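Here is the file structure.cif (mmCIF, C-alpha atoms).
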data_coords
#
loop_
_atom_site.label_atom_id
_atom_site.label_comp_id
_atom_site.auth_asym_id
_atom_site.auth_seq_id
_atom_site.Cartn_x
_atom_site.Cartn_y
_atom_site.Cartn_z
CA ASP A 1 -9.38 13.90 32.72
CA GLY A 2 -12.44 13.41 34.90
CA ALA A 3 -11.58 9.78 35.66
CA ARG A 4 -8.43 10.90 37.48
CA GLY A 5 -9.98 13.64 39.56
CA GLY A 6 -9.81 16.39 36.93
CA MET A 7 -12.62 18.61 35.70
CA SER A 8 -15.93 17.04 34.78
CA VAL A 9 -17.23 17.32 31.21
CA ASP A 10 -19.92 19.78 32.31
CA ALA A 11 -17.32 21.99 33.98
CA ILE A 12 -15.08 21.82 30.91
CA LEU A 13 -17.97 22.81 28.63
CA ASP A 14 -18.83 25.71 30.92
CA VAL A 15 -15.29 27.02 30.47
CA VAL A 16 -15.39 26.37 26.72
CA GLU A 17 -18.63 28.29 26.29
CA SER A 18 -17.19 31.29 28.11
CA ASN A 19 -14.01 31.41 26.00
CA LYS A 20 -14.70 33.05 22.67
CA HIS A 21 -11.13 32.65 21.43
CA LEU A 22 -10.85 28.86 21.83
CA ARG A 23 -9.66 27.07 18.69
CA LYS A 24 -8.31 23.76 20.07
CA LEU A 25 -9.95 21.42 22.57
CA VAL A 26 -8.69 18.11 24.00
CA ILE A 27 -10.80 16.01 26.40
CA GLY A 28 -9.30 12.63 27.21
CA ARG A 29 -10.17 9.64 29.41
CA ASN A 30 -13.36 11.29 30.59
CA GLN A 31 -16.98 10.16 30.58
CA ILE A 32 -18.78 12.00 27.83
CA GLY A 33 -22.44 10.99 27.60
CA SER A 34 -25.21 11.51 25.07
CA GLN A 35 -26.36 14.52 27.05
CA HIS A 36 -23.07 16.29 26.23
CA ILE A 37 -23.13 15.77 22.47
CA GLU A 38 -25.19 18.83 21.56
CA ARG A 39 -23.08 21.11 23.77
CA LEU A 40 -19.88 19.79 22.18
CA CYS A 41 -21.27 20.27 18.66
CA SER A 42 -22.38 23.76 19.61
CA ALA A 43 -18.85 24.53 20.81
CA VAL A 44 -17.42 23.29 17.51
CA ARG A 45 -19.83 25.47 15.54
CA ASN A 46 -19.70 28.63 17.64
CA HIS A 47 -15.99 28.69 18.39
CA LEU A 48 -14.86 27.64 14.92
CA LEU A 49 -12.64 24.93 16.43
CA VAL A 50 -9.85 23.68 14.17
CA LYS A 51 -8.71 20.84 16.47
CA LEU A 52 -10.84 18.52 18.59
CA ASP A 53 -9.52 15.41 20.34
CA LEU A 54 -11.93 13.31 22.43
CA PHE A 55 -9.84 10.18 22.99
CA ASP A 56 -11.05 7.37 25.24
CA SER A 57 -14.18 9.17 26.43
CA PHE A 58 -17.23 7.29 25.11
CA GLU A 59 -19.06 4.10 25.96
CA PRO A 60 -20.07 1.73 23.12
CA GLY A 61 -22.63 3.33 20.83
CA ILE A 62 -22.11 6.85 22.09
CA GLY A 63 -18.84 7.23 20.19
CA ASP A 64 -20.64 6.50 16.92
CA GLU A 65 -23.34 9.01 17.87
CA MET A 66 -20.76 11.70 18.66
CA LEU A 67 -18.89 11.09 15.42
CA ALA A 68 -22.06 11.24 13.34
CA SER A 69 -23.17 14.46 15.03
CA LEU A 70 -19.80 16.12 14.45
CA LEU A 71 -19.38 15.13 10.83
CA THR A 72 -22.84 16.31 9.83
CA ILE A 73 -22.28 19.88 11.08
CA ASP A 74 -22.78 22.30 8.19
CA ASP A 75 -19.57 23.96 7.00
CA LEU A 76 -17.42 22.16 9.60
CA LYS A 77 -14.12 24.01 10.13
CA LEU A 78 -12.21 21.23 11.89
CA GLU A 79 -8.77 20.43 10.50
CA LYS A 80 -7.80 17.79 13.09
CA LEU A 81 -10.16 15.31 14.73
CA GLY A 82 -9.18 12.63 17.24
CA MET A 83 -11.65 9.86 18.15
CA SER A 84 -9.33 7.05 19.22
CA SER A 85 -10.35 4.39 21.76
CA ASN A 86 -14.06 5.25 21.55
CA HIS A 87 -15.62 1.95 20.38
CA ILE A 88 -16.27 3.32 16.86
CA THR A 89 -17.97 0.70 14.66
CA SER A 90 -19.31 0.34 11.12
CA VAL A 91 -22.06 2.79 12.04
CA GLY A 92 -19.43 5.48 12.44
CA SER A 93 -17.34 4.44 9.45
CA ALA A 94 -20.27 4.95 7.07
CA VAL A 95 -20.56 8.56 8.24
CA VAL A 96 -16.78 8.99 7.96
CA ALA A 97 -16.79 7.72 4.37
CA ASP A 98 -19.60 10.06 3.33
CA PHE A 99 -17.82 12.95 5.03
CA LEU A 100 -14.39 12.28 3.49
CA ALA A 101 -15.84 11.96 0.01
CA THR A 102 -16.92 15.60 0.05
CA ASN A 103 -15.02 17.42 2.82
CA THR A 104 -12.30 19.89 1.85
CA ARG A 105 -10.98 20.96 5.28
CA LEU A 106 -10.10 18.02 7.53
CA LYS A 107 -6.37 17.25 7.37
CA GLU A 108 -5.93 14.69 10.15
CA LEU A 109 -8.31 12.00 11.42
CA ASP A 110 -7.43 9.54 14.18
CA LEU A 111 -9.70 6.50 14.49
CA SER A 112 -7.11 4.26 16.14
CA GLU A 113 -7.96 1.60 18.72
CA ASN A 114 -11.60 1.25 17.73
CA ASN A 115 -13.72 -1.63 16.35
CA LEU A 116 -13.40 -1.04 12.61
CA THR A 117 -13.19 -4.02 10.25
CA ASP A 118 -11.90 -4.72 6.74
CA SER A 119 -15.27 -3.64 5.30
CA ASP A 120 -14.90 -0.31 7.09
CA ALA A 121 -11.35 0.11 5.78
CA GLU A 122 -12.57 -0.58 2.24
CA LEU A 123 -15.38 1.95 2.64
CA ILE A 124 -12.98 4.62 3.86
CA ALA A 125 -10.47 3.75 1.13
CA ASN A 126 -13.12 4.26 -1.52
CA ALA A 127 -13.89 7.71 -0.07
CA LEU A 128 -10.21 8.64 -0.36
CA ARG A 129 -10.48 8.36 -4.14
CA SER A 130 -12.20 11.73 -4.23
CA ASN A 131 -10.61 13.31 -1.15
CA THR A 132 -7.66 15.63 -1.81
CA THR A 133 -7.35 17.19 1.66
CA LEU A 134 -6.86 14.52 4.35
CA ARG A 135 -3.13 14.14 4.99
CA VAL A 136 -3.03 11.67 7.91
CA LEU A 137 -5.43 8.82 8.72
CA GLY A 138 -4.83 6.82 11.91
CA LEU A 139 -6.34 3.33 11.94
CA PHE A 140 -3.96 1.24 14.02
CA HIS A 141 -5.22 -1.30 16.56
CA ASN A 142 -8.57 -1.88 14.86
CA ASN A 143 -10.03 -5.21 13.77
CA THR A 144 -8.60 -5.04 10.26
CA THR A 145 -6.46 -7.63 8.47
CA ASP A 146 -4.26 -7.65 5.37
CA ALA A 147 -7.40 -7.28 3.23
CA GLY A 148 -8.22 -3.91 4.79
CA ASP A 149 -4.59 -2.80 4.53
CA GLU A 150 -4.54 -3.76 0.86
CA ALA A 151 -7.61 -1.63 0.12
CA LEU A 152 -5.97 1.36 1.80
CA HIS A 153 -2.74 0.68 -0.09
CA LEU A 154 -4.41 0.28 -3.49
CA VAL A 155 -6.31 3.57 -3.33
CA ARG A 156 -2.99 5.36 -2.85
CA TYR A 157 -0.91 3.28 -5.28
CA ASP A 158 -2.73 1.37 -7.99
CA GLY A 159 0.02 -0.17 -10.10
CA ASN A 160 -2.24 -1.71 -12.75
CA SER A 161 -1.35 1.05 -15.22
CA LEU A 162 0.27 4.47 -15.41
CA ASN A 163 -3.16 6.06 -15.58
CA ALA A 164 -4.25 4.16 -12.48
CA VAL A 165 -1.12 5.31 -10.64
CA ALA A 166 -1.67 8.91 -11.73
CA ASP A 167 -5.30 8.79 -10.57
CA SER A 168 -4.43 7.41 -7.11
CA ASN A 169 -4.70 9.45 -3.91
CA HIS A 170 -1.38 11.30 -3.52
CA ILE A 171 -2.00 13.22 -0.30
CA CYS A 172 -3.06 10.83 2.50
CA SER A 173 -0.64 8.85 4.65
CA VAL A 174 -2.22 5.93 6.54
CA LYS A 175 -1.01 4.64 9.90
CA VAL A 176 -2.01 1.12 10.91
CA GLY A 177 0.71 0.79 13.54
CA TRP A 178 3.40 2.98 15.07
CA THR A 179 4.77 3.36 11.55
CA PRO A 180 2.95 4.17 8.28
CA LEU A 181 1.17 1.40 6.35
CA ASP A 182 3.69 2.01 3.56
CA TYR A 183 5.95 4.77 2.27
CA TRP A 184 3.47 6.38 -0.10
CA ASN A 185 2.32 9.98 0.37
CA LEU A 186 4.84 10.93 3.05
CA HIS A 187 6.06 14.02 1.21
CA LYS A 188 4.14 17.26 1.79
CA ASP A 189 3.99 17.90 -1.98
CA GLU A 190 1.45 15.63 -3.64
CA GLN A 191 3.11 16.11 -7.05
CA VAL A 192 6.32 14.64 -5.65
CA ASN A 193 4.31 11.70 -4.29
CA ARG A 194 2.70 11.23 -7.70
CA GLY A 195 6.03 11.38 -9.49
CA MET A 196 7.55 8.87 -7.08
CA LYS A 197 4.82 6.34 -7.83
CA ILE A 198 4.96 6.79 -11.59
CA TYR A 199 8.73 6.39 -11.58
CA HIS A 200 8.43 3.35 -9.32
CA LEU A 201 6.11 1.62 -11.81
CA LEU A 202 8.34 2.56 -14.75
CA SER A 203 11.33 1.19 -12.85
CA LEU A 204 9.60 -2.12 -12.15
CA ARG A 205 8.70 -2.47 -15.81
CA ASN A 206 12.23 -1.50 -16.80
CA LYS A 207 13.66 -4.42 -14.85
CA MET A 208 11.40 -6.74 -16.87
CA MET A 209 12.12 -4.87 -20.14
CA SER A 210 8.37 -4.42 -20.56
CA ASN A 211 7.92 -0.65 -20.82
CA ALA A 212 7.82 -0.67 -24.62
CA LYS A 213 4.80 -2.95 -24.89
CA HIS A 214 2.79 -0.60 -22.71
CA PHE A 215 3.49 2.31 -25.06
CA ASP A 216 2.68 0.71 -28.43
CA ASP A 217 -0.16 3.14 -29.08
CA ILE A 218 1.85 6.28 -28.27
CA ASP A 219 2.91 8.58 -31.13
CA VAL A 220 6.69 8.47 -31.59
CA LYS A 221 6.68 12.27 -31.79
CA ILE A 222 6.03 12.55 -28.08
CA LEU A 223 8.82 10.17 -27.04
CA PRO A 224 11.20 13.07 -26.27
CA ASP A 225 8.60 14.46 -23.88
CA MET A 226 8.24 11.04 -22.30
CA LEU A 227 12.00 10.80 -21.77
CA GLY A 228 11.97 14.23 -20.17
CA ALA A 229 9.15 13.10 -17.93
CA VAL A 230 11.15 10.05 -16.85
CA GLN A 231 13.98 12.33 -15.77
CA LYS A 232 11.56 14.54 -13.84
CA TYR A 233 10.03 11.56 -12.07
CA GLN A 234 13.48 10.28 -11.14
CA ILE A 235 14.32 13.62 -9.56
CA ASP A 236 11.05 13.52 -7.60
CA ALA A 237 11.81 9.98 -6.52
CA SER A 238 15.31 10.96 -5.38
CA VAL A 239 13.95 13.82 -3.27
CA TYR A 240 11.41 11.47 -1.71
CA THR A 241 13.78 8.60 -0.98
CA ASP A 242 16.53 10.83 0.38
CA LYS A 243 14.07 12.46 2.77
CA HIS A 244 12.42 9.27 4.00
CA TYR A 245 15.30 6.79 3.79
CA ILE A 246 13.60 4.39 1.43
CA ARG A 247 15.85 1.69 -0.01
CA HIS A 248 17.86 3.22 -2.84
CA ASP A 249 18.41 -0.10 -4.61
CA SER A 250 14.77 0.07 -5.80
CA ARG A 251 15.68 2.98 -8.09
CA VAL A 252 17.36 3.16 -11.49
CA ASN A 253 19.40 6.00 -12.93
CA PRO A 254 17.94 8.95 -14.90
CA LEU A 255 16.89 8.15 -18.48
CA SER A 256 17.69 4.45 -18.09
CA ILE A 257 14.11 3.35 -18.73
CA VAL A 258 14.20 1.03 -21.73
CA TYR A 259 11.59 1.51 -24.51
#
Could I get this file's structure written as structure tokens?
Amino acid sequence: DGARGGMSVDAILDVVESNKHLRKLVIGRNQIGSQHIERLCSAVRNHLLVKLDLFDSFEPGIGDEMLASLLTIDDLKLEKLGMSSNHITSVGSAVVADFLATNTRLKELDLSENNLTDSDAELIANALRSNTTLRVLGLFHNNTTDAGDEALHLVRYDGNSLNAVADSNHICSVKVGWTPLDYWNLHKDEQVNRGMKIYHLLSLRNKMMSNAKHFDDIDVKILPDMLGAVQKYQIDASVYTDKHYIRHDSRVNPLSIVY
């Protein structure tokens, strides 16, 4: 924390470069400039860092530059990256989207308290369609509205059909405040998350007695398997709701789906 009389960035990087066993690095409320970017990227590459948090350390424009430099490192090993309060804009979100669409390592990304908009949220949401690794995405206190939140919700629970639900992202939890955006993907097992969503849609249709019309083209021979699947999804849903205290009155009993 250089702003409060702590070590300067140059001094910190000197220590980092001399420590061959470093795996986690946090630099907060400091003044990281463009001249430090290459040294930081070198530290990430050479030390095989798995966690890097650089919160509240960049002036406008430099945060985007740092983010772009980090996320274009070949074979990046980072599992947790914090870039909150760094004036990240649409320039940075484009790099983030490209990175998330193909990266298979990063598990947590914090972009809270930046300058991202609904368009940025939509871009990131689209990248989550193909990402099966990122578990936590922090986006609270950005310049997003309900439209951005809806895009992030839809990619993780698309209730237009059972196939759409099944093809949703079942691994990433999104935080747009001190609490999650919604209760999807909070379980560590993505199959439980998937089952919860499928059962939720079946339950909603059950209340309207509309499940049967969605299954008109299904061979009657596989109905026993479908009933078994309903029971499985209910069990998954029970595990999920019991763990996360979701309202139980949104559930129905096992095998009560009406066809």
Selected by the PyMOL selection byres ((chain A and resi 44) around 9) in the shown coordinates: which residues, as a list in words?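 Evaluating the PyMOL selection byres ((chain A and resi 44) around 9) on these coordinates yields Arg23, Arg39, Leu40, Cys41, Ser42, Ala43, Arg45, Asn46, His47, Leu48, Leu49, Val50, Leu52, Leu70, Ile73, Leu76, Lys77 and Leu78 of chain A.
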Once the PyMOL selection byres ((chain A and resi 82) around 12) has been evaluated on this model, what residues remain selected, and can you format them as an MDAnalysis selection string? chainID A and resid 24:28 50:57 63 66:67 70 78:81 83:86 88 106:114 136:139
Calculate how many Å separate CA of Leu154 in chain A from CA of Ala125 in chain A, rounding to one decimal.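 Between CA of Leu154 in chain A and CA of Ala125 in chain A the gap works out to 8.4 Å.
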Chain and number of each residue from the PyMOL selection byres ((chain A and resi 161) around 12), as a list in words: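 Those residues are Tyr157, Asp158, Gly159, Asn160, Leu162, Asn163, Ala164, Val165, Ala166, Asp167, Ser168, Lys197, Ile198, Tyr199, His200, Leu201, Leu202, Leu204, Arg205, Asn211, His214 and Phe215 of chain A.
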Given the choices A:Asp64, A:Glu122, A:Glu38, A:Glu150, which gets closest to Thr89 in chain A if the distance is worked out from only C-alpha atoms?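 With only C-alpha atoms as the atom set, the closest residue is A:Asp64.
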